[in-house]
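Down below is the structure, laid out as structure tokens.
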Amino acid sequence: MKKKKKTRSCIYDANAALSSDDILCEILLRVPPETVFKLIIVSKRWLHFICSPVFCQHYLKRWPLAFRMLGFFVCNNLYLGRGQNGVRRPRTEPAMPLLSTCKEGDDLKFSKILNQFGYFIDSSNGLLLCGRHPKRYFVWNPITKQHYKIPKPRVYFEDLCMAFLAEDHPSVDMCYKVIRAKCDFSANEEMKTVPIETFNSKTSTWNFSTLSCAPTLSLCSWSVATVVKGVVHWYAAQRNLAVYDPQSGERHLSSIKLPGSIDFEEHVLGESFDGRLQYGWSCKAGLEIWVLEKEEAGHATSPSDGGYPDKGWKLRYRLNFKTMWKKNPTSMTKFCTRDKETQILSFLHRNSRSVCIRSGPDIFIVHLLNQKVEVVLYNGRGSSISWDFSRVAPYFRPDWPHSSLCLRGKSIA
């Protein structure tokens with residue numbers, strides 16, 4: 001009898017403890033992501049609690065957010081900034097092709113929900129930025145399956161580059177910024193100015209400003225920035241990167257010199273697993289992956305500076321394509337890669353150990369440590385894609401559960 005009473009008392013104490021939101025929060029914060037997601041089936045209360053934006057913010061301070069790749073968006077650069085006599089997209093060709101790699105990607109592709117938003121521009125933490133330059137822009141949220149039409153920009157830029165920044169934690173009402181920068185800017189002997197326009201979802205307005213930069217810095221038209229920890233990196237002429245930190249309050253573009261002495265056509269930027277800017281390039285022989293050291297990335301050059309020295313970059317990986325394919329004879333034979341040039345395609349999300357490469361219409365993930373090649377099966381292999389004129393960007397969405405029961409601003413306590 002005493003043993004039964006003790007057992008009942010323990011069960012009562014456990015239930016009483018779990019009924020407290022504060023105690024439940026402290027317990028769940030110590031559970032790894034692969035386990036905490038399974039606990040949403042315990043009850044509606046646990047589902048609501050785990051999916052709430054407030055718990056998500058607390059949880060992601062301790063655990064990294066996982067992302068799932070849905071596929072690759074294709075943006076044909078020939079259609080961007082097209083004049084009256086420019087190349088027109090055939091009606092049979094979708095404006096926003098998606099090479100889906102999973103069922104969720106297939107559902108998004110065949111739902112045709114994105115057809116009304118124009119061309120793919122960029123993605124940030126799952127949010128999609130789409131539109132038609134230079135007037136119409138939309139942001140689509142994969143959590144709510146809703147879109148938001150951004151107000152028409154106040155200033156017209158004939159040639160521009162863009163940046164898209166979204167906050168790190170997934171939620172129903174994620175905040176974001178869209179930056180448009182003019183590429184044909186004014187100059188004098190000592191300093192140049194770059195007009196930019198910034199849209200903030202919190203205020204729903206565009207703000208115009210100018211950035212100063214060195215006279216040798218020239219932004220590349222129709223490029224999309226790589227954002228690492230809120231810092232914007234644009235491609236610039238003569239193997240340079242233009243760096244803008246909206247959080248610093250300084251209206252200035254710094255410059256970073258890319259490593260190497262050749263301006264490679266196939267090059268990509270991304271964020272490494274340890275939060276650094278990484279740069280990859282490829283030629284017929286192979287590829288190299290470079291990482292910018294933290295102390296260099298945090299430094300800001302003055303308008304008179306020539307930019308960061310090459311020593312700020314550290315070579316992390318070098319890969320020879322011929323050696324790589326010899327180690328993967330099955331893939332080389334099955335996909336006939338011997339007669340096709342291999343090129344670097346993109347980085348994976350916050351990953352430095354693997355990279356996407358392309359050989360003809362075939363896409364692979366190569367693991368740089370052991371040079372193992374993994375084929376990426378995607379829906380859309382029969383599509384007529386102009387690979388040489390297109391930007392192919394992987395699309396990742398946050399792997400975090402969502403429930404319609406969640407209320408905005410609900411507190412944990």
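Ordering of the structure tokens sets the chain letters (A, B, ...); residue numbers start at 1 within each chain; ligands are numbered from 1 in the order shown.
By chain and then residue number, the residues within 9 Å of segment 100-115 of chain A are Met69, Leu70, Gly71, Phe72, Phe73, Pro94, Ala95, Cys130, Trp140, Lys145, Val376, Leu377, Tyr378, Asn379 and Gly380 of chain A, counting only C-alpha atoms and disregarding those fewer than 5 positions away in sequence.
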Q: List every residue of segment 133-302 of chain A that DSSP, applied to the backbone, labels as strand (DSSP E), and write the result as a PyMOL selection string.
A: chain A and resi 136-141+146-150+160-166+176-182+192-200+205-213+226-228+231-236+240-244+254-257+266-271+277-282+286-292
Q: Excluding Pro32 of chain A and any residue of its chain fewer than 4 positions from it, enumerate the residues within 10 Å of it, using only C-alpha atoms, and give them as a list in words.
A: Leu28, Val36, Phe37, Tyr59, Arg62, Trp63 and Pro64 of chain A
Q) Which residue out of A:Leu127, A:Leu99, A:Val231, A:Leu39 has the minimum interatomic distance to Pro398 of chain A when only C-alpha atoms are used? A)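 Closest residue, counting only C-alpha atoms: A:Leu127.
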Q | Test item, helix (DSSP H, G or I) assignment across segment 110-349 of chain A, answer as number ranges by chain | A | A: 110-111, 115-117, 294-297, 310-312, 321-326, 329-334, 337-339
Q. Which residues come within 6 Å of segment 202-218 of chain A, counting only C-alpha atoms, excluding same-chain residues fewer than 2 positions away, as a list of chain:residue names?
A. A:Met191, A:Lys192, A:Thr193, A:Val194, A:Pro195, A:Ile196, A:Glu197, A:Thr198, A:Phe199, A:Asn200, A:Ala236, A:Ala237, A:Arg251, A:His252, A:Leu253, A:Pro303, A:Ser304
File dump, residues just selected, C-alpha atoms, as an mmCIF file, in the first residue's frame:
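So the final result, stored in out.cif, reads:
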```cif
data_model
loop_
_atom_site.group_PDB
_atom_site.id
_atom_site.type_symbol
_atom_site.label_atom_id
_atom_site.label_comp_id
_atom_site.auth_asym_id
_atom_site.auth_seq_id
_atom_site.Cartn_x
_atom_site.Cartn_y
_atom_site.Cartn_z
ATOM 1 C CA MET A 191 34.783 59.651 -52.950
ATOM 2 C CA LYS A 192 31.806 57.996 -54.606
ATOM 3 C CA THR A 193 28.242 57.834 -53.362
ATOM 4 C CA VAL A 194 25.850 54.923 -53.833
ATOM 5 C CA PRO A 195 22.104 55.690 -53.614
ATOM 6 C CA ILE A 196 20.164 52.964 -51.795
ATOM 7 C CA GLU A 197 16.562 52.434 -50.768
ATOM 8 C CA THR A 198 15.632 50.258 -47.783
ATOM 9 C CA PHE A 199 12.227 48.752 -47.043
ATOM 10 C CA ASN A 200 11.493 47.756 -43.431
ATOM 11 C CA ALA A 236 31.934 44.397 -57.289
ATOM 12 C CA ALA A 237 34.226 44.838 -60.278
ATOM 13 C CA ARG A 251 26.697 55.086 -44.253
ATOM 14 C CA HIS A 252 29.713 53.555 -45.921
ATOM 15 C CA LEU A 253 30.618 50.695 -48.265
ATOM 16 C CA PRO A 303 36.985 55.587 -48.023
ATOM 17 C CA SER A 304 40.659 55.974 -48.900
#
```
Q: Extract, using only C-alpha atoms, all DNA, RNA and protein residues at most 12 Å from Lys229 of chain A, discarding same-chain residues fewer than 2 positions from it, and format them as number ranges by chain.
A: A: 124-125, 165-168, 226-227, 231-233, 244-247, 270-272, 274-277, 294, 297-298, 350
Residues from last step as file, N, CA and C atoms, as a short mmCIF file (atom, residue, chain, number, x, y, z; two decimals), in the first residue's frame:
```cif
data_model
loop_
_atom_site.label_atom_id
_atom_site.label_comp_id
_atom_site.auth_asym_id
_atom_site.auth_seq_id
_atom_site.Cartn_x
_atom_site.Cartn_y
_atom_site.Cartn_z
N SER A 124 15.63 34.25 -47.63
CA SER A 124 16.34 34.50 -46.37
C SER A 124 15.57 33.85 -45.25
N ASN A 125 16.20 32.84 -44.61
CA ASN A 125 15.58 32.11 -43.50
C ASN A 125 14.18 31.61 -43.84
N LEU A 165 17.13 40.58 -46.09
CA LEU A 165 17.52 40.20 -44.74
C LEU A 165 16.28 39.87 -43.93
N ALA A 166 16.22 38.67 -43.37
CA ALA A 166 15.12 38.26 -42.50
C ALA A 166 15.68 37.83 -41.16
N GLU A 167 14.89 38.01 -40.10
CA GLU A 167 15.37 37.64 -38.77
C GLU A 167 15.54 36.14 -38.66
N ASP A 168 16.37 35.71 -37.71
CA ASP A 168 16.82 34.33 -37.66
C ASP A 168 15.76 33.33 -37.20
N THR A 226 24.95 38.39 -50.54
CA THR A 226 25.05 37.33 -49.54
C THR A 226 25.11 37.99 -48.17
N VAL A 227 24.20 37.61 -47.28
CA VAL A 227 24.10 38.24 -45.96
C VAL A 227 24.62 37.26 -44.91
N VAL A 231 25.26 41.38 -42.17
CA VAL A 231 26.17 42.20 -42.98
C VAL A 231 25.99 41.81 -44.45
N VAL A 232 25.82 42.81 -45.32
CA VAL A 232 25.54 42.61 -46.73
C VAL A 232 26.83 42.58 -47.53
N HIS A 233 26.95 41.60 -48.44
CA HIS A 233 28.13 41.47 -49.30
C HIS A 233 27.68 41.41 -50.75
N TYR A 244 28.37 46.19 -46.64
CA TYR A 244 27.53 47.21 -45.99
C TYR A 244 26.90 46.59 -44.75
N ASP A 245 27.06 47.25 -43.61
CA ASP A 245 26.49 46.79 -42.35
C ASP A 245 25.37 47.74 -41.93
N PRO A 246 24.10 47.40 -42.18
CA PRO A 246 23.00 48.29 -41.82
C PRO A 246 22.87 48.51 -40.33
N GLN A 247 23.38 47.57 -39.51
CA GLN A 247 23.24 47.68 -38.07
C GLN A 247 24.23 48.65 -37.44
N GLY A 270 28.79 32.34 -49.54
CA GLY A 270 27.90 31.71 -48.58
C GLY A 270 28.39 31.93 -47.16
N GLU A 271 27.68 31.33 -46.22
CA GLU A 271 28.04 31.42 -44.81
C GLU A 271 28.53 30.06 -44.33
N SER A 272 29.67 30.04 -43.67
CA SER A 272 30.23 28.79 -43.19
C SER A 272 29.51 28.33 -41.93
N ASP A 274 30.65 28.05 -39.05
CA ASP A 274 31.06 28.82 -37.89
C ASP A 274 30.79 30.31 -38.07
N GLY A 275 29.87 30.66 -38.98
CA GLY A 275 29.42 32.03 -39.11
C GLY A 275 30.37 32.97 -39.82
N ARG A 276 31.18 32.46 -40.73
CA ARG A 276 32.10 33.31 -41.49
C ARG A 276 31.68 33.38 -42.95
N LEU A 277 32.15 34.41 -43.63
CA LEU A 277 31.91 34.53 -45.06
C LEU A 277 32.82 33.55 -45.79
N LYS A 294 37.63 36.00 -39.02
CA LYS A 294 36.72 36.87 -38.28
C LYS A 294 37.29 38.25 -38.03
N ALA A 297 36.89 40.18 -41.14
CA ALA A 297 35.52 40.46 -41.51
C ALA A 297 34.92 41.55 -40.64
N GLY A 298 35.40 41.70 -39.42
CA GLY A 298 34.85 42.69 -38.53
C GLY A 298 35.46 44.06 -38.70
N ARG A 350 24.76 27.29 -44.38
CA ARG A 350 25.71 27.33 -43.26
C ARG A 350 26.49 26.02 -43.16
#
```
Q: Return the single residue from A:Gly280, A:Pro151, A:Pro53, A:Gly260 that is closest to Ser403 of chain A, with distances computed using only C-alpha atoms.
A: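 Comparing A:Gly280, A:Pro151, A:Pro53, A:Gly260 against Ser403 of chain A, the winner is A:Pro53.
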**Q.** Point-to-point distance in Å for atom CA of Phe396 of chain A and atom CA of Cys161 of chain A
**A.**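 Computed distance, atom CA of Cys161 of chain A to atom CA of Phe396 of chain A, equals 22.0 Å.
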(Q) For a test of reading the model, state the distance in Å between atom CA of Cys75 of chain A and atom CA of Arg89 of chain A, rounded to one decimal. (A) 11.3 Å
Q) atom CA of Lys326 of chain A and atom CA of Trp387 of chain A are how many Å apart? A) 25.2 Å
Q: Have a look at A:Leu258, A:Met332, A:Val178, A:Leu287 and name the one nearest to Leu368 of chain A; count only C-alpha atoms.
A: A:Leu287
